[in-house]
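Chemist: Contents of structure_11.csv (CSV, C-alpha atoms):
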```csv
chain,number,residue,atom,x,y,z
A,1,MET,CA,-4.3,142.3,116.0
A,2,LYS,CA,-8.0,141.8,116.3
A,3,PHE,CA,-8.6,145.4,115.0
A,4,ILE,CA,-6.4,144.7,112.0
A,5,ASN,CA,-8.3,141.5,111.3
A,6,LYS,CA,-11.6,143.4,111.5
A,7,ILE,CA,-10.3,146.0,109.0
A,8,GLY,CA,-9.1,143.2,106.7
A,9,THR,CA,-12.6,141.7,106.6
A,10,TYR,CA,-14.5,144.9,106.6
A,11,VAL,CA,-12.7,146.9,103.9
A,12,PRO,CA,-13.1,144.4,101.0
A,13,GLY,CA,-16.8,144.1,101.7
A,14,LEU,CA,-17.1,147.9,101.8
A,15,ILE,CA,-15.3,148.2,98.4
A,16,ILE,CA,-17.6,145.6,96.9
A,17,LYS,CA,-20.7,147.5,98.1
A,18,ILE,CA,-19.3,150.7,96.7
A,19,VAL,CA,-18.6,149.2,93.3
A,20,LEU,CA,-22.0,147.4,93.1
A,21,GLY,CA,-23.7,150.6,94.3
A,22,MET,CA,-22.0,152.7,91.6
A,23,PHE,CA,-22.8,150.1,89.0
A,24,ALA,CA,-26.5,150.0,90.0
A,25,ILE,CA,-26.8,153.8,90.0
A,26,LYS,CA,-25.0,154.0,86.6
A,27,CYS,CA,-27.4,151.4,85.1
A,28,ALA,CA,-30.4,153.2,86.6
A,29,SER,CA,-29.2,156.5,85.1
A,30,LEU,CA,-29.9,155.1,81.6
A,31,LEU,CA,-33.6,155.4,82.4
A,32,LYS,CA,-34.2,159.1,81.5
A,33,MET,CA,-37.3,160.9,83.0
A,34,SER,CA,-37.4,164.6,82.2
A,35,PHE,CA,-35.1,167.6,81.7
A,36,ILE,CA,-34.0,169.7,84.7
A,37,PHE,CA,-35.4,173.2,84.2
A,38,GLY,CA,-32.6,175.7,83.9
A,39,SER,CA,-30.4,173.2,82.0
A,40,SER,CA,-30.5,172.2,78.3
A,41,ARG,CA,-28.7,168.9,78.9
A,42,ALA,CA,-29.2,167.6,82.4
A,43,LEU,CA,-32.1,165.2,83.0
A,44,PHE,CA,-33.7,163.4,86.0
A,45,SER,CA,-33.1,159.7,85.7
A,46,GLY,CA,-33.7,156.4,87.4
A,47,SER,CA,-30.6,157.1,89.5
A,48,ALA,CA,-32.9,159.4,91.6
A,49,ALA,CA,-34.5,156.1,92.8
A,50,ALA,CA,-31.5,153.9,92.8
A,51,THR,CA,-29.4,156.2,95.0
A,52,PRO,CA,-31.6,156.1,98.1
A,53,LEU,CA,-31.9,152.3,97.8
A,54,VAL,CA,-28.1,152.0,97.6
A,55,GLY,CA,-27.9,153.9,100.8
A,56,PHE,CA,-30.7,151.9,102.5
A,57,PHE,CA,-29.1,148.6,101.7
A,58,GLY,CA,-25.4,149.6,101.6
A,59,GLY,CA,-25.2,152.1,104.5
A,60,GLY,CA,-24.4,155.7,104.9
A,61,LEU,CA,-20.6,155.3,104.4
A,62,VAL,CA,-21.2,153.6,101.0
A,63,SER,CA,-23.4,156.5,99.9
A,64,LEU,CA,-20.8,159.1,101.1
A,65,ALA,CA,-18.0,157.2,99.3
A,66,ILE,CA,-20.0,157.0,96.0
A,67,CYS,CA,-20.9,160.7,96.1
A,68,SER,CA,-17.2,161.7,96.8
A,69,ILE,CA,-15.8,159.4,94.1
A,70,SER,CA,-18.4,160.6,91.6
A,71,ILE,CA,-17.5,164.3,92.2
A,72,LEU,CA,-13.8,163.5,92.0
A,73,LEU,CA,-14.2,161.6,88.8
A,74,ARG,CA,-16.2,164.4,87.2
A,75,TYR,CA,-13.5,166.9,88.2
A,76,LEU,CA,-10.7,164.6,86.8
A,77,VAL,CA,-12.5,164.0,83.6
A,78,PHE,CA,-13.7,167.6,82.8
A,79,GLY,CA,-11.1,169.5,84.8
A,80,ILE,CA,-13.7,172.1,86.0
A,81,PHE,CA,-15.9,172.5,89.0
A,82,SER,CA,-18.7,174.9,89.8
A,83,LEU,CA,-21.1,175.0,92.7
A,84,HIS,CA,-24.2,174.1,90.6
A,85,ILE,CA,-22.5,170.7,89.8
A,86,LEU,CA,-23.2,169.8,93.5
A,87,ALA,CA,-26.9,169.7,92.6
A,88,PHE,CA,-26.3,166.5,90.7
A,89,TYR,CA,-24.7,164.8,93.7
A,90,LEU,CA,-25.6,166.2,97.1
A,91,PRO,CA,-29.4,165.7,96.7
A,92,GLY,CA,-28.8,162.0,96.0
A,93,LEU,CA,-26.5,161.7,99.0
A,94,CYS,CA,-29.0,163.4,101.3
A,95,ALA,CA,-31.8,161.2,99.9
A,96,ALA,CA,-29.7,158.1,100.6
A,97,LEU,CA,-28.9,159.3,104.2
A,98,SER,CA,-32.5,160.2,104.8
A,99,MET,CA,-33.6,156.8,103.7
A,100,THR,CA,-30.9,155.1,105.7
A,101,TYR,CA,-31.1,156.9,109.1
A,102,GLN,CA,-34.6,158.5,109.1
A,103,ASN,CA,-33.6,160.8,111.9
A,104,ILE,CA,-34.4,164.3,113.1
A,105,PHE,CA,-31.6,165.9,111.1
A,106,PHE,CA,-32.5,164.6,107.7
A,107,ARG,CA,-36.3,164.4,108.1
A,108,LEU,CA,-36.9,167.6,110.1
A,109,LEU,CA,-34.0,170.0,110.4
A,110,LEU,CA,-32.6,169.7,106.8
A,111,PRO,CA,-36.0,170.3,105.0
A,112,ILE,CA,-36.8,173.3,107.3
A,113,VAL,CA,-33.3,174.9,106.7
A,114,CYS,CA,-33.9,174.4,103.0
A,115,MET,CA,-37.3,176.1,103.3
A,116,ILE,CA,-35.7,179.1,105.1
A,117,LEU,CA,-32.9,179.4,102.6
A,118,PHE,CA,-35.3,179.2,99.7
A,119,ILE,CA,-37.8,181.8,101.1
A,120,VAL,CA,-35.1,184.4,102.1
A,121,HIS,CA,-33.8,184.4,98.5
A,122,PRO,CA,-35.2,187.3,96.5
A,123,VAL,CA,-36.6,185.0,93.8
A,124,GLY,CA,-37.4,182.1,96.1
A,125,GLY,CA,-39.5,184.5,98.3
A,126,GLN,CA,-41.8,185.2,95.3
A,127,ALA,CA,-42.2,181.4,94.8
A,128,PHE,CA,-42.5,180.4,98.5
A,129,ALA,CA,-45.3,178.0,97.7
A,130,TYR,CA,-42.8,175.8,95.9
A,131,SER,CA,-40.9,175.1,99.2
A,132,LEU,CA,-44.1,173.8,100.9
A,133,PHE,CA,-43.3,170.4,99.4
A,134,TRP,CA,-40.6,170.1,101.9
A,135,LEU,CA,-43.1,169.9,104.8
A,136,ILE,CA,-43.8,166.4,103.5
A,137,PRO,CA,-40.7,164.8,105.1
A,138,VAL,CA,-41.3,166.8,108.2
A,139,ALA,CA,-44.8,165.4,108.5
A,140,ILE,CA,-43.6,161.9,107.8
A,141,TYR,CA,-41.0,162.3,110.5
A,142,PHE,CA,-43.7,162.9,113.1
A,143,VAL,CA,-45.9,160.1,111.8
A,144,LYS,CA,-43.1,157.6,112.9
A,145,SER,CA,-44.3,155.0,110.4
A,146,LYS,CA,-42.3,152.0,109.1
A,147,ASN,CA,-44.1,152.2,105.8
A,148,ILE,CA,-41.4,152.0,103.1
A,149,PHE,CA,-43.3,154.1,100.6
A,150,LEU,CA,-43.6,156.9,103.1
A,151,HIS,CA,-39.8,156.7,103.7
A,152,ALA,CA,-39.3,156.7,99.9
A,153,LEU,CA,-41.5,159.8,99.6
A,154,ALA,CA,-39.7,161.6,102.4
A,155,SER,CA,-36.2,160.8,101.0
A,156,THR,CA,-37.1,162.0,97.5
A,157,PHE,CA,-38.5,165.3,98.9
A,158,VAL,CA,-35.3,165.8,101.0
A,159,ALA,CA,-33.3,165.4,97.8
A,160,HIS,CA,-35.6,167.8,96.1
A,161,ALA,CA,-35.2,170.4,98.8
A,162,VAL,CA,-31.4,170.3,98.7
A,163,GLY,CA,-31.2,170.3,94.9
A,164,SER,CA,-33.7,173.1,94.6
A,165,VAL,CA,-31.8,175.4,97.0
A,166,ILE,CA,-28.5,174.7,95.3
A,167,TRP,CA,-30.1,175.4,91.9
A,168,LEU,CA,-31.8,178.6,93.2
A,169,TYR,CA,-28.5,180.1,94.4
A,170,THR,CA,-26.4,179.1,91.4
A,171,ILE,CA,-28.7,179.2,88.4
A,172,LYS,CA,-30.8,182.2,87.3
A,173,MET,CA,-34.5,181.3,87.1
A,174,ASN,CA,-37.3,183.7,87.8
A,175,ALA,CA,-40.2,183.1,90.2
A,176,VAL,CA,-42.7,182.4,87.4
A,177,VAL,CA,-40.7,179.4,86.3
A,178,TRP,CA,-40.4,178.1,89.9
A,179,ASN,CA,-44.1,178.4,90.4
A,180,SER,CA,-44.9,176.7,87.1
A,181,LEU,CA,-42.9,173.7,88.2
A,182,ILE,CA,-45.2,173.0,91.2
A,183,PRO,CA,-47.5,170.5,89.5
A,184,ILE,CA,-44.6,168.9,87.6
A,185,VAL,CA,-42.7,168.4,90.9
A,186,ALA,CA,-45.7,166.7,92.4
A,187,LEU,CA,-45.9,164.1,89.6
A,188,GLU,CA,-42.1,163.7,89.3
A,189,ARG,CA,-41.5,163.1,93.0
A,190,LEU,CA,-44.5,160.7,93.3
A,191,ALA,CA,-43.0,158.7,90.4
A,192,ILE,CA,-39.6,158.6,92.0
A,193,ALA,CA,-41.1,157.4,95.3
A,194,CYS,CA,-43.0,154.7,93.5
A,195,MET,CA,-39.8,153.6,91.8
A,196,VAL,CA,-37.9,153.5,95.1
A,197,TYR,CA,-40.7,151.4,96.6
A,198,MET,CA,-40.8,149.0,93.7
A,199,GLY,CA,-37.0,148.7,93.7
A,200,TYR,CA,-37.1,147.9,97.5
A,201,LYS,CA,-39.6,145.2,96.9
A,202,VAL,CA,-37.5,143.7,94.1
A,203,VAL,CA,-34.3,143.7,96.2
A,204,MET,CA,-36.1,142.2,99.2
A,205,PHE,CA,-37.6,139.5,97.0
A,206,GLY,CA,-34.2,138.6,95.6
A,207,LYS,CA,-32.6,138.6,99.1
A,208,ASN,CA,-35.3,136.3,100.4
A,209,LYS,CA,-35.0,133.9,97.5
A,210,ILE,CA,-31.2,133.8,98.0
A,211,SER,CA,-31.6,133.2,101.8
A,212,GLU,CA,-34.1,130.4,101.0
A,213,TYR,CA,-31.7,128.8,98.5
A,214,VAL,CA,-28.7,129.0,101.0
A,215,ALA,CA,-30.9,127.5,103.8
A,216,VAL,CA,-31.9,124.6,101.5
A,217,ARG,CA,-28.3,124.0,100.4
A,218,LYS,CA,-27.2,123.9,104.1
A,219,ILE,CA,-29.9,121.3,104.9
A,220,SER,CA,-28.9,119.2,101.9
A,221,CYS,CA,-25.2,119.3,102.8
A,222,GLN,CA,-26.0,118.2,106.4
A,223,ASN,CA,-28.1,115.3,105.1
A,224,ILE,CA,-25.3,114.0,102.9
```
Once you've parsed the file, please lay out its structure as structure tokens.
Modeler:
Amino acid sequence: MKFINKIGTYVPGLIIKIVLGMFAIKCASLLKMSFIFGSSRALFSGSAAATPLVGFFGGGLVSLAICSISILLRYLVFGIFSLHILAFYLPGLCAALSMTYQNIFFRLLLPIVCMILFIVHPVGGQAFAYSLFWLIPVAIYFVKSKNIFLHALASTFVAHAVGSVIWLYTIKMNAVVWNSLIPIVALERLAIACMVYMGYKVVMFGKNKISEYVAVRKISCQNI
């Protein structure tokens, strides 16, 4: 009976978090940043910053649910599915999980595996310098810092690693293009990390103000 009661109180809260998370990511996606090379329509957007924050504040289960629902909705609407579509969803999920858990799998093993997969590819091997970006989350893992900006930077490069590997194996791009993207990636990922950091500050400011308001209301009610 206690277990059923716990489910009854947990599930509604989880659903609310999922709905709010999807709404926040959708709103953030309206902020367009730049085209994704290899695609004439897909763009990086503010959702690249919102997704890690949703995971950080909502939890890993919320991030997994949002990713699964988004892929399912895309399939139901368009009726087609190809592997390169995962590049629009899995990187965000991995960024969210990296931001949430900050553990050895997401900060160390996943970036290294992505580097190996990138370098062993015939094209990726010719642009191996591109994959050196993914040493950043590895280095941050060993630093063991609680600095939110560093965690934001690590999460965005984890997302970049996963997305790049999926893109490499599913979309034809030559090594010259990959190498030409190196300075663009540096600026783009720094911008996303800054957005995540600022978003974190805004959310924390709002949470603190709400907590202060609730505390004041409680005191007022007790004095009545």
Chemist: In Å, how far is it from CA of Ser29 in chain A to CA of Met198 in chain A?
Modeler: 16.3 Å
Chemist: Would you list the residues near (-41.4, 163.7, 101.9) (no more than 8 Å away, in the coordinates of the file, using all atoms listed in the file) as a ChimeraX atom specification?
Modeler: /A:133-140,150-158
Chemist: For Ile25 in chain A, please output as a PyMOL selection string all residues within 10 Å (counting all atoms listed in the file; exclusion window: fewer than 6 positions along the same chain).
Modeler: chain A and resi 19+45-54+66
Chemist: In Å to one decimal, how far is CA of Ile85 in chain A from CA of Lys172 in chain A?
Modeler: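 For CA of Lys172 in chain A relative to CA of Ile85 in chain A, the distance reads 14.4 Å.
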Chemist: If we count all atoms listed in the file, what is near Ala127 in chain A at a cut-off of 8 Å, once residues fewer than 5 positions away on the same chain are taken out, given as a PyMOL selection string?
Modeler: chain A and resi 119+175-176+178-179
Chemist: Neighbourhood query: residues within 12 Å of (-20.2, 150.5, 100.6), file coordinates, counting only C-alpha atoms; return as a list of chain:residue names.
Modeler: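 Output: A:Tyr10, A:Val11, A:Pro12, A:Gly13, A:Leu14, A:Ile15, A:Ile16, A:Lys17, A:Ile18, A:Val19, A:Leu20, A:Gly21, A:Met22, A:Phe23, A:Val54, A:Gly55, A:Phe56, A:Phe57, A:Gly58, A:Gly59, A:Gly60, A:Leu61, A:Val62, A:Ser63, A:Leu64, A:Ala65, A:Ile66, A:Cys67, A:Ile69.
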Chemist: What's the separation between CA of Tyr197 in chain A and CA of Lys146 in chain A, in Å to one decimal place?
Modeler: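 Straight-line distance from CA of Tyr197 in chain A to CA of Lys146 in chain A works out to 12.6 Å.
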Chemist: Could you check the closest approach to Phe88 in chain A for each of A:Ile210, A:Ile71, A:Leu31, A:Ala186 and tell me which residue wins, using only C-alpha atoms?
Modeler: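 Of all the options, A:Ile71 lies closest to Phe88 in chain A.
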Chemist: Near Ser82 in chain A, within 10 Å and counting only C-alpha atoms, which residues show up once chain neighbours fewer than 4 positions away are dropped, as an MDAnalysis selection string?
Modeler: chainID A and resid 75 86 170
Chemist: Pull C-alpha atoms from the residues just selected and write them as a PDB file, in the frame of the given file.
Modeler:
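Writing the result to selection-v4.pdb gives the following:
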```pdb
ATOM      1  CA  TYR A  75     -13.500 166.900  88.200  1.00  0.00           C
ATOM      2  CA  LEU A  86     -23.200 169.800  93.500  1.00  0.00           C
ATOM      3  CA  THR A 170     -26.400 179.100  91.400  1.00  0.00           C
TER       4      THR A 170
END
```
